[in-house]
>>> print(open('coords22.txt').read())   # compact mmCIF, C-alpha atoms and all ligand atoms
# COMPACT_ATOMS: atom_id res chain seq x y z
CA MET Z 1 -61.12 99.44 84.08
CA GLU Z 2 -58.21 101.70 83.36
CA ALA Z 3 -57.83 104.24 86.14
CA LYS Z 4 -58.43 107.74 84.85
CA ARG Z 5 -55.45 109.72 86.06
CA ARG Z 6 -55.68 113.40 86.57
CA SER Z 7 -52.77 115.28 85.15
CA MET Z 8 -51.04 116.68 88.14
CA ARG Z 9 -49.88 120.25 88.43
CA CYS Z 10 -47.00 121.60 90.44
CA PRO Z 11 -48.50 123.06 93.66
CA VAL Z 12 -46.06 125.98 93.50
CA CYS Z 13 -45.89 127.12 89.86
CA ARG Z 14 -48.92 125.18 88.50
CA SER Z 15 -46.85 123.72 85.64
CA ARG Z 16 -48.02 120.39 84.24
CA ARG Z 17 -44.45 119.27 83.54
CA VAL Z 18 -44.49 116.93 86.49
CA LEU Z 19 -42.15 114.01 86.81
CA GLU Z 20 -43.13 110.98 88.86
CA LEU Z 21 -40.10 109.89 90.86
CA ALA Z 22 -39.08 106.25 91.11
CA LYS Z 23 -41.09 104.15 93.53
CA GLY Z 24 -39.58 102.22 96.39
CA SER Z 25 -38.19 105.26 98.12
CA ALA Z 26 -38.62 105.70 101.84
CA THR Z 27 -41.98 106.88 103.17
CA GLY Z 28 -42.21 110.61 103.37
CA SER Z 29 -39.65 111.18 100.63
CA PRO Z 30 -40.83 113.12 97.57
CA SER Z 31 -42.82 111.24 94.98
CA HIS Z 32 -43.10 114.02 92.38
CA GLU Z 33 -40.86 116.69 90.96
CA CYS Z 34 -41.71 119.77 88.91
CA ARG Z 35 -39.51 120.08 85.84
CA ALA Z 36 -40.31 123.76 85.54
CA CYS Z 37 -39.38 125.05 89.00
CA GLY Z 38 -37.72 122.03 90.64
CA HIS Z 39 -40.19 121.84 93.54
CA ARG Z 40 -40.56 118.34 95.03
CA TRP Z 41 -43.49 116.97 96.99
CA SER Z 42 -45.10 113.75 98.09
CA MET Z 43 -48.64 112.75 97.27
CA MET Z 44 -50.71 112.10 100.37
CA LEU Z 45 -53.38 109.48 100.01
CA LEU Z 46 -54.03 108.50 103.58
CA ILE Z 47 -56.19 110.29 106.05
CA ASP Z 48 -53.93 110.64 108.98
CA GLY Z 49 -54.51 114.21 109.99
CA PRO Z 50 -57.08 116.13 111.96
CA LEU Z 51 -60.31 114.67 113.23
CA ALA Z 52 -62.96 113.46 110.84
CA PHE Z 53 -65.78 115.22 112.66
CA LEU Z 54 -66.15 118.39 114.59
CA THR Z 55 -68.98 119.13 116.99
CA PRO Z 56 -69.77 122.46 118.60
CA TRP Z 57 -69.62 120.91 122.08
CA MET Z 58 -65.97 119.90 121.74
CA PRO Z 59 -63.56 121.97 123.85
CA ARG Z 60 -62.72 125.20 122.01
CA GLU Z 61 -58.97 124.62 122.42
CA GLN Z 62 -59.30 121.30 120.64
CA ILE Z 63 -61.22 122.89 117.76
CA ALA Z 64 -58.71 125.71 117.49
CA GLU Z 65 -55.84 123.20 117.49
CA ASP Z 66 -57.61 121.15 114.85
CA LEU Z 67 -58.21 124.21 112.71
CA ARG Z 68 -54.55 125.17 112.92
CA GLU Z 69 -53.46 121.66 111.92
CA ALA Z 70 -55.87 121.46 108.99
CA ALA Z 71 -54.95 124.92 107.71
CA GLU Z 72 -51.24 124.06 107.91
CA LEU Z 73 -51.77 120.86 105.99
CA LEU Z 74 -53.72 122.69 103.28
CA ALA Z 75 -50.96 125.28 102.93
CA ASP Z 76 -48.09 122.75 102.87
CA THR Z 77 -46.82 122.48 99.29
CA THR Z 78 -44.45 119.62 100.07
CA ARG Z 79 -47.42 117.33 100.74
CA VAL Z 80 -50.03 117.35 98.04
CA LEU Z 81 -53.39 116.02 99.09
CA GLU Z 82 -55.55 113.58 97.25
CA PRO Z 83 -58.64 115.58 96.03
CA PHE Z 84 -61.17 113.90 98.32
CA TYR Z 85 -58.98 114.48 101.34
CA ARG Z 86 -58.39 118.11 100.34
CA ARG Z 87 -62.14 118.70 100.04
CA SER Z 88 -62.89 117.20 103.44
CA LEU Z 89 -60.09 119.20 105.02
CA ARG Z 90 -61.48 122.41 103.54
CA ARG Z 91 -64.90 121.57 104.95
CA HIS Z 92 -63.25 120.85 108.27
CA VAL Z 93 -61.62 124.29 108.31
CA THR Z 94 -64.91 125.98 107.42
CA GLU Z 95 -66.77 124.11 110.15
CA ALA Z 96 -64.12 124.88 112.75
CA ARG Z 97 -64.24 128.60 111.87
CA HIS Z 98 -68.02 128.64 112.19
CA ILE Z 99 -67.94 126.87 115.56
CA LEU Z 100 -65.36 129.29 116.91
CA ALA Z 101 -67.28 132.28 115.56
CA GLY Z 102 -70.57 131.04 117.02
CA THR Z 103 -72.23 130.78 113.59
CA TRP Z 104 -72.16 127.02 113.32
CA GLU Z 105 -75.93 126.47 113.70
CA ALA Z 106 -76.85 128.86 110.92
CA TYR Z 107 -74.16 127.31 108.74
CA ALA Z 108 -75.38 123.76 109.40
CA ARG Z 109 -78.97 124.72 108.57
CA ARG Z 110 -77.85 126.34 105.31
CA ARG Z 111 -75.86 123.23 104.37
CA ILE Z 112 -78.86 120.99 104.88
CA ARG Z 113 -80.94 123.25 102.62
CA VAL Z 114 -78.24 123.23 99.92
CA ARG Z 115 -78.03 119.44 100.08
CA ALA Z 116 -81.79 119.07 99.80
CA GLY Z 117 -81.74 121.32 96.72
CA ARG Z 118 -79.21 118.96 95.17
CA ALA Z 119 -81.45 115.93 95.59
CA ARG Z 120 -81.27 113.41 92.80
CA PRO Z 121 -83.61 114.20 89.91
CA ARG Z 122 -86.24 111.51 89.37
CA ARG Z 123 -86.13 111.33 85.60
CA CYS Z 124 -83.60 111.71 82.79
CA PRO Z 125 -84.36 115.00 81.00
CA ALA Z 126 -83.49 113.39 77.64
CA CYS Z 127 -85.44 110.12 77.63
CA GLY Z 128 -87.60 110.26 80.76
CA SER Z 129 -86.04 107.12 82.24
CA ARG Z 130 -86.09 106.75 86.01
CA ALA Z 131 -82.63 105.12 86.01
CA VAL Z 132 -80.85 108.26 87.22
CA LEU Z 133 -77.33 107.65 88.54
CA ARG Z 134 -75.01 109.91 90.46
CA ILE Z 135 -71.63 110.62 88.88
CA GLN Z 136 -68.95 110.17 91.49
CA TYR Z 137 -65.73 112.13 90.96
CA GLY Z 138 -62.38 111.69 92.59
CA TYR Z 139 -60.25 108.65 93.24
CA PRO Z 140 -62.63 105.69 93.64
CA ALA Z 141 -63.04 104.53 97.23
CA PRO Z 142 -63.00 100.79 97.97
CA GLY Z 143 -66.12 99.15 96.58
CA MET Z 144 -66.89 101.91 94.09
CA LEU Z 145 -65.59 100.02 91.05
CA GLU Z 146 -67.89 97.13 91.97
CA ALA Z 147 -70.79 99.55 92.49
CA GLU Z 148 -70.18 100.99 89.02
CA LYS Z 149 -70.14 97.49 87.48
CA ALA Z 150 -73.41 96.75 89.24
CA GLY Z 151 -74.91 99.90 87.67
CA LYS Z 152 -75.34 101.74 90.95
CA LEU Z 153 -73.24 104.77 90.11
CA VAL Z 154 -70.99 106.21 87.43
CA LEU Z 155 -67.34 107.04 88.03
CA GLY Z 156 -66.45 110.40 86.53
CA GLY Z 157 -62.66 110.20 86.87
CA CYS Z 158 -60.29 111.97 89.18
CA VAL Z 159 -60.45 115.46 87.68
CA VAL Z 160 -62.84 117.53 89.71
CA GLU Z 161 -63.85 120.82 88.09
CA ASP Z 162 -66.80 123.14 88.19
CA GLY Z 163 -69.49 122.58 85.63
CA GLN Z 164 -69.07 118.81 85.32
CA PRO Z 165 -72.29 116.80 85.01
CA ARG Z 166 -73.64 115.43 88.29
CA HIS Z 167 -76.06 112.85 86.94
CA ALA Z 168 -76.08 110.20 84.26
CA CYS Z 169 -78.93 108.27 82.70
CA GLY Z 170 -78.57 104.52 83.09
CA ASP Z 171 -80.59 103.96 79.91
CA CYS Z 172 -79.55 106.50 77.27
CA ARG Z 173 -76.21 107.54 78.92
CA HIS Z 174 -77.18 111.21 78.79
CA GLU Z 175 -75.25 113.25 81.36
CA TRP Z 176 -76.29 116.54 82.95
ZN ZN W 201 -43.22 124.08 89.65
ZN ZN W 202 -82.01 108.94 79.40
>>> encode(input="coords22.txt", output="structure tokens", more="lines below")
Ligand SMILES: [Zn+2]
Ligand SMILES: [Zn+2]
Amino acid sequence: MEAKRRSMRCPVCRSRRVLELAKGSATGSPSHECRACGHRWSMMLLIDGPLAFLTPWMPREQIAEDLREAAELLADTTRVLEPFYRRSLRRHVTEARHILAGTWEAYARRRIRVRAGRARPRRCPACGSRAVLRIQYGYPAPGMLEAEKAGKLVLGGCVVEDGQPRHACGDCRHEW
């Protein structure tokens, strides 16, 4: 399968005139350059930042430190985050803020309700088939290409935007 590449935008001026710099450069050196404003950045693919999970019983200083680190990383335009990583960092920041504000429990309950509301529909609205698949967006994680081949999910490409279909029918290919 040909990887569906998202067209990258400059994190500073949002121009799409982005040049990919030659590979083989030292780690940490810029990998992309904006031809409109000259800004350079490196694409971050690895999770090597703040903690993966936050719990309300962690020491407050640790949560505050974590929040600071995550917020800094999100604001840093010289390191552009892979979309999945960016999303999890944003969630991390939200969770940390709720824990520190004492509203974490209400937030967690609301999240569970929202998730339940998003449960997978049982039937395709077009043909009534029960072969409903989830469309997975973002850069495919290890094993996801195989899962798609096995008909367990559908890869929707790396561009993540509002209003994209969440489900696909395994029989008639209808998406909604
Ligand atoms: Zn730019
Ligand atoms: Zn269908």
>>> atom_distance(input="coords22.txt", atom1="CA of Leu73 (chain Z)", atom2="CA of His39 (chain Z)")
17.0 Å
>>> closest_residue(input="coords22.txt", among="Z:Cys124, Z:Leu21, Z:Leu153, Z:Leu100", to="Pro56 (chain Z)", atoms="only C-alpha atoms")
Z:Leu100
>>> closest_residue(input="coords22.txt", among="Z:Ala150, Z:Gln136, Z:Pro121, Z:Thr55", to="ligand ZN 202 (chain W)", atoms="all atoms listed in the file")
Z:Pro121
>>> atom_distance(input="coords22.txt", atom1="CA of Arg17 (chain Z)", atom2="atom ZN of ligand ZN 201 (chain W)")
7.9 Å
>>> closest_residue(input="coords22.txt", among="Z:Arg87, Z:Lys152, Z:Arg16, Z:Arg134", to="His32 (chain Z)", atoms="all atoms listed in the file")
Z:Arg16
>>> residues_around(input="coords22.txt", residues="Leu155 (chain Z)", least_positions_apart="6", cutoff="9 Å", atoms="all atoms listed in the file", output="list in words")
Arg134, Ile135, Gln136, Tyr137, Gly138, Tyr139, Pro140, Met144, Leu145 and Glu148 of chain Z
>>> residues_around(input="coords22.txt", residues="Met43 (chain Z)", least_positions_apart="4", cutoff="12 Å", atoms="only C-alpha atoms", output="list of chain:residue names")
Z:Met8, Z:Arg9, Z:Cys10, Z:Pro11, Z:Glu20, Z:Leu21, Z:Thr27, Z:Gly28, Z:Ser29, Z:Pro30, Z:Ser31, Z:His32, Z:Glu33, Z:Ile47, Z:Asp76, Z:Thr77, Z:Thr78, Z:Arg79, Z:Val80, Z:Leu81, Z:Glu82, Z:Pro83, Z:Tyr85, Z:Arg86
>>> residues_near_ligand(input="coords22.txt", ligand="ligand ZN 201 (chain W)", cutoff="6 Å", atoms="only C-alpha atoms and all ligand atoms", output="list in words")
Cys10, Val12, Cys13, Arg14, Ser15, Cys34, Ala36, Cys37, Gly38 and His39 of chain Z
>>> atom_distance(input="coords22.txt", atom1="CA of Ala106 (chain Z)", atom2="CA of Thr94 (chain Z)")
12.8 Å
>>> residues_near_ligand(input="coords22.txt", ligand="ligand ZN 202 (chain W)", cutoff="9 Å", atoms="all atoms listed in the file", output="list in words")
Arg123, Cys124, Pro125, Ala126, Cys127, Gly128, Ser129, Arg130, Ala131, Val132, Ala168, Cys169, Gly170, Asp171, Cys172, Arg173, His174 and Glu175 of chain Z
>>> axis_aligned_box(input="coords22.txt", around="region 90-95 of chain Z", padding_each_side="5 Å", output="lines of an AutoDock Vina configuration file")
center_x = -64.1
center_y = 123.4
center_z = 106.8
size_x = 15.3
size_y = 15.1
size_z = 16.6
>>> residues_around(input="coords22.txt", residues="Ala64 (chain Z)", least_positions_apart="4", cutoff="12 Å", atoms="all atoms listed in the file", output="list in words")
Pro50, Leu51, Leu54, Pro56, Met58, Pro59, Arg60, Arg68, Glu69, Ala70, Ala71, His92, Val93, Thr94, Glu95, Ala96, Arg97, His98, Ile99, Leu100 and Ala101 of chain Z
>>> closest_residue(input="coords22.txt", among="Z:Gln62, Z:Gly157, Z:Trp57, Z:Glu72", to="Trp104 (chain Z)", atoms="all atoms listed in the file")
Z:Trp57
>>> build_atoms(input="coords22.txt", residues="region 54-89 of chain Z", atoms="N, CA and C atoms", output="CSV table (one decimal), keeping the file's coordinate frame")
chain,number,residue,atom,x,y,z
Z,54,LEU,N,-66.2,117.4,113.6
Z,54,LEU,CA,-66.2,118.4,114.6
Z,54,LEU,C,-67.6,118.6,115.1
Z,55,THR,N,-67.7,118.8,116.4
Z,55,THR,CA,-69.0,119.1,117.0
Z,55,THR,C,-68.8,120.4,117.8
Z,56,PRO,N,-69.9,121.2,117.9
Z,56,PRO,CA,-69.8,122.5,118.6
Z,56,PRO,C,-69.5,122.3,120.1
Z,57,TRP,N,-69.8,121.1,120.6
Z,57,TRP,CA,-69.6,120.9,122.1
Z,57,TRP,C,-68.2,120.4,122.4
Z,58,MET,N,-67.4,120.3,121.4
Z,58,MET,CA,-66.0,119.9,121.7
Z,58,MET,C,-65.3,121.1,122.4
Z,59,PRO,N,-64.3,120.8,123.2
Z,59,PRO,CA,-63.6,122.0,123.8
Z,59,PRO,C,-63.0,122.9,122.8
Z,60,ARG,N,-63.2,124.2,123.0
Z,60,ARG,CA,-62.7,125.2,122.0
Z,60,ARG,C,-61.2,125.1,121.7
Z,61,GLU,N,-60.4,124.7,122.7
Z,61,GLU,CA,-59.0,124.6,122.4
Z,61,GLU,C,-58.7,123.5,121.4
Z,62,GLN,N,-59.5,122.4,121.5
Z,62,GLN,CA,-59.3,121.3,120.6
Z,62,GLN,C,-59.7,121.7,119.2
Z,63,ILE,N,-60.8,122.4,119.1
Z,63,ILE,CA,-61.2,122.9,117.8
Z,63,ILE,C,-60.2,123.8,117.1
Z,64,ALA,N,-59.7,124.8,118.0
Z,64,ALA,CA,-58.7,125.7,117.5
Z,64,ALA,C,-57.4,125.0,117.0
Z,65,GLU,N,-57.0,124.0,117.8
Z,65,GLU,CA,-55.8,123.2,117.5
Z,65,GLU,C,-56.1,122.4,116.2
Z,66,ASP,N,-57.2,121.9,116.0
Z,66,ASP,CA,-57.6,121.2,114.8
Z,66,ASP,C,-57.6,122.0,113.6
Z,67,LEU,N,-58.1,123.2,113.8
Z,67,LEU,CA,-58.2,124.2,112.7
Z,67,LEU,C,-56.8,124.6,112.3
Z,68,ARG,N,-55.9,124.8,113.2
Z,68,ARG,CA,-54.6,125.2,112.9
Z,68,ARG,C,-53.9,124.1,112.1
Z,69,GLU,N,-54.1,122.8,112.6
Z,69,GLU,CA,-53.5,121.7,111.9
Z,69,GLU,C,-54.0,121.5,110.5
Z,70,ALA,N,-55.3,121.6,110.3
Z,70,ALA,CA,-55.9,121.5,109.0
Z,70,ALA,C,-55.4,122.6,108.0
Z,71,ALA,N,-55.4,123.8,108.5
Z,71,ALA,CA,-55.0,124.9,107.7
Z,71,ALA,C,-53.5,124.8,107.3
Z,72,GLU,N,-52.7,124.3,108.2
Z,72,GLU,CA,-51.2,124.1,107.9
Z,72,GLU,C,-51.1,123.0,106.8
Z,73,LEU,N,-51.8,122.0,107.0
Z,73,LEU,CA,-51.8,120.9,106.0
Z,73,LEU,C,-52.2,121.3,104.6
Z,74,LEU,N,-53.2,122.2,104.6
Z,74,LEU,CA,-53.7,122.7,103.3
Z,74,LEU,C,-52.7,123.6,102.6
Z,75,ALA,N,-51.9,124.3,103.5
Z,75,ALA,CA,-51.0,125.3,102.9
Z,75,ALA,C,-49.6,124.6,102.6
Z,76,ASP,N,-49.4,123.4,103.0
Z,76,ASP,CA,-48.1,122.8,102.9
Z,76,ASP,C,-47.9,122.3,101.4
Z,77,THR,N,-47.0,122.9,100.7
Z,77,THR,CA,-46.8,122.5,99.3
Z,77,THR,C,-45.9,121.3,99.1
Z,78,THR,N,-45.3,120.8,100.2
Z,78,THR,CA,-44.4,119.6,100.1
Z,78,THR,C,-45.3,118.3,100.2
Z,79,ARG,N,-46.5,118.5,100.6
Z,79,ARG,CA,-47.4,117.3,100.7
Z,79,ARG,C,-48.7,117.7,100.0
Z,80,VAL,N,-48.9,117.0,98.9
Z,80,VAL,CA,-50.0,117.4,98.0
Z,80,VAL,C,-51.1,116.3,98.3
Z,81,LEU,N,-52.3,116.9,98.6
Z,81,LEU,CA,-53.4,116.0,99.1
Z,81,LEU,C,-54.2,115.4,98.0
Z,82,GLU,N,-54.6,114.2,98.2
Z,82,GLU,CA,-55.6,113.6,97.2
Z,82,GLU,C,-56.9,114.4,97.3
Z,83,PRO,N,-57.5,114.6,96.1
Z,83,PRO,CA,-58.6,115.6,96.0
Z,83,PRO,C,-59.7,115.4,97.1
Z,84,PHE,N,-60.1,114.1,97.4
Z,84,PHE,CA,-61.2,113.9,98.3
Z,84,PHE,C,-60.7,114.4,99.7
Z,85,TYR,N,-59.5,114.1,100.1
Z,85,TYR,CA,-59.0,114.5,101.3
Z,85,TYR,C,-58.9,116.0,101.4
Z,86,ARG,N,-58.5,116.7,100.4
Z,86,ARG,CA,-58.4,118.1,100.3
Z,86,ARG,C,-59.8,118.7,100.6
Z,87,ARG,N,-60.8,118.2,99.9
Z,87,ARG,CA,-62.1,118.7,100.0
Z,87,ARG,C,-62.6,118.6,101.5
Z,88,SER,N,-62.4,117.4,102.1
Z,88,SER,CA,-62.9,117.2,103.4
Z,88,SER,C,-62.1,118.1,104.4
Z,89,LEU,N,-60.8,118.3,104.1
Z,89,LEU,CA,-60.1,119.2,105.0
Z,89,LEU,C,-60.6,120.6,104.9
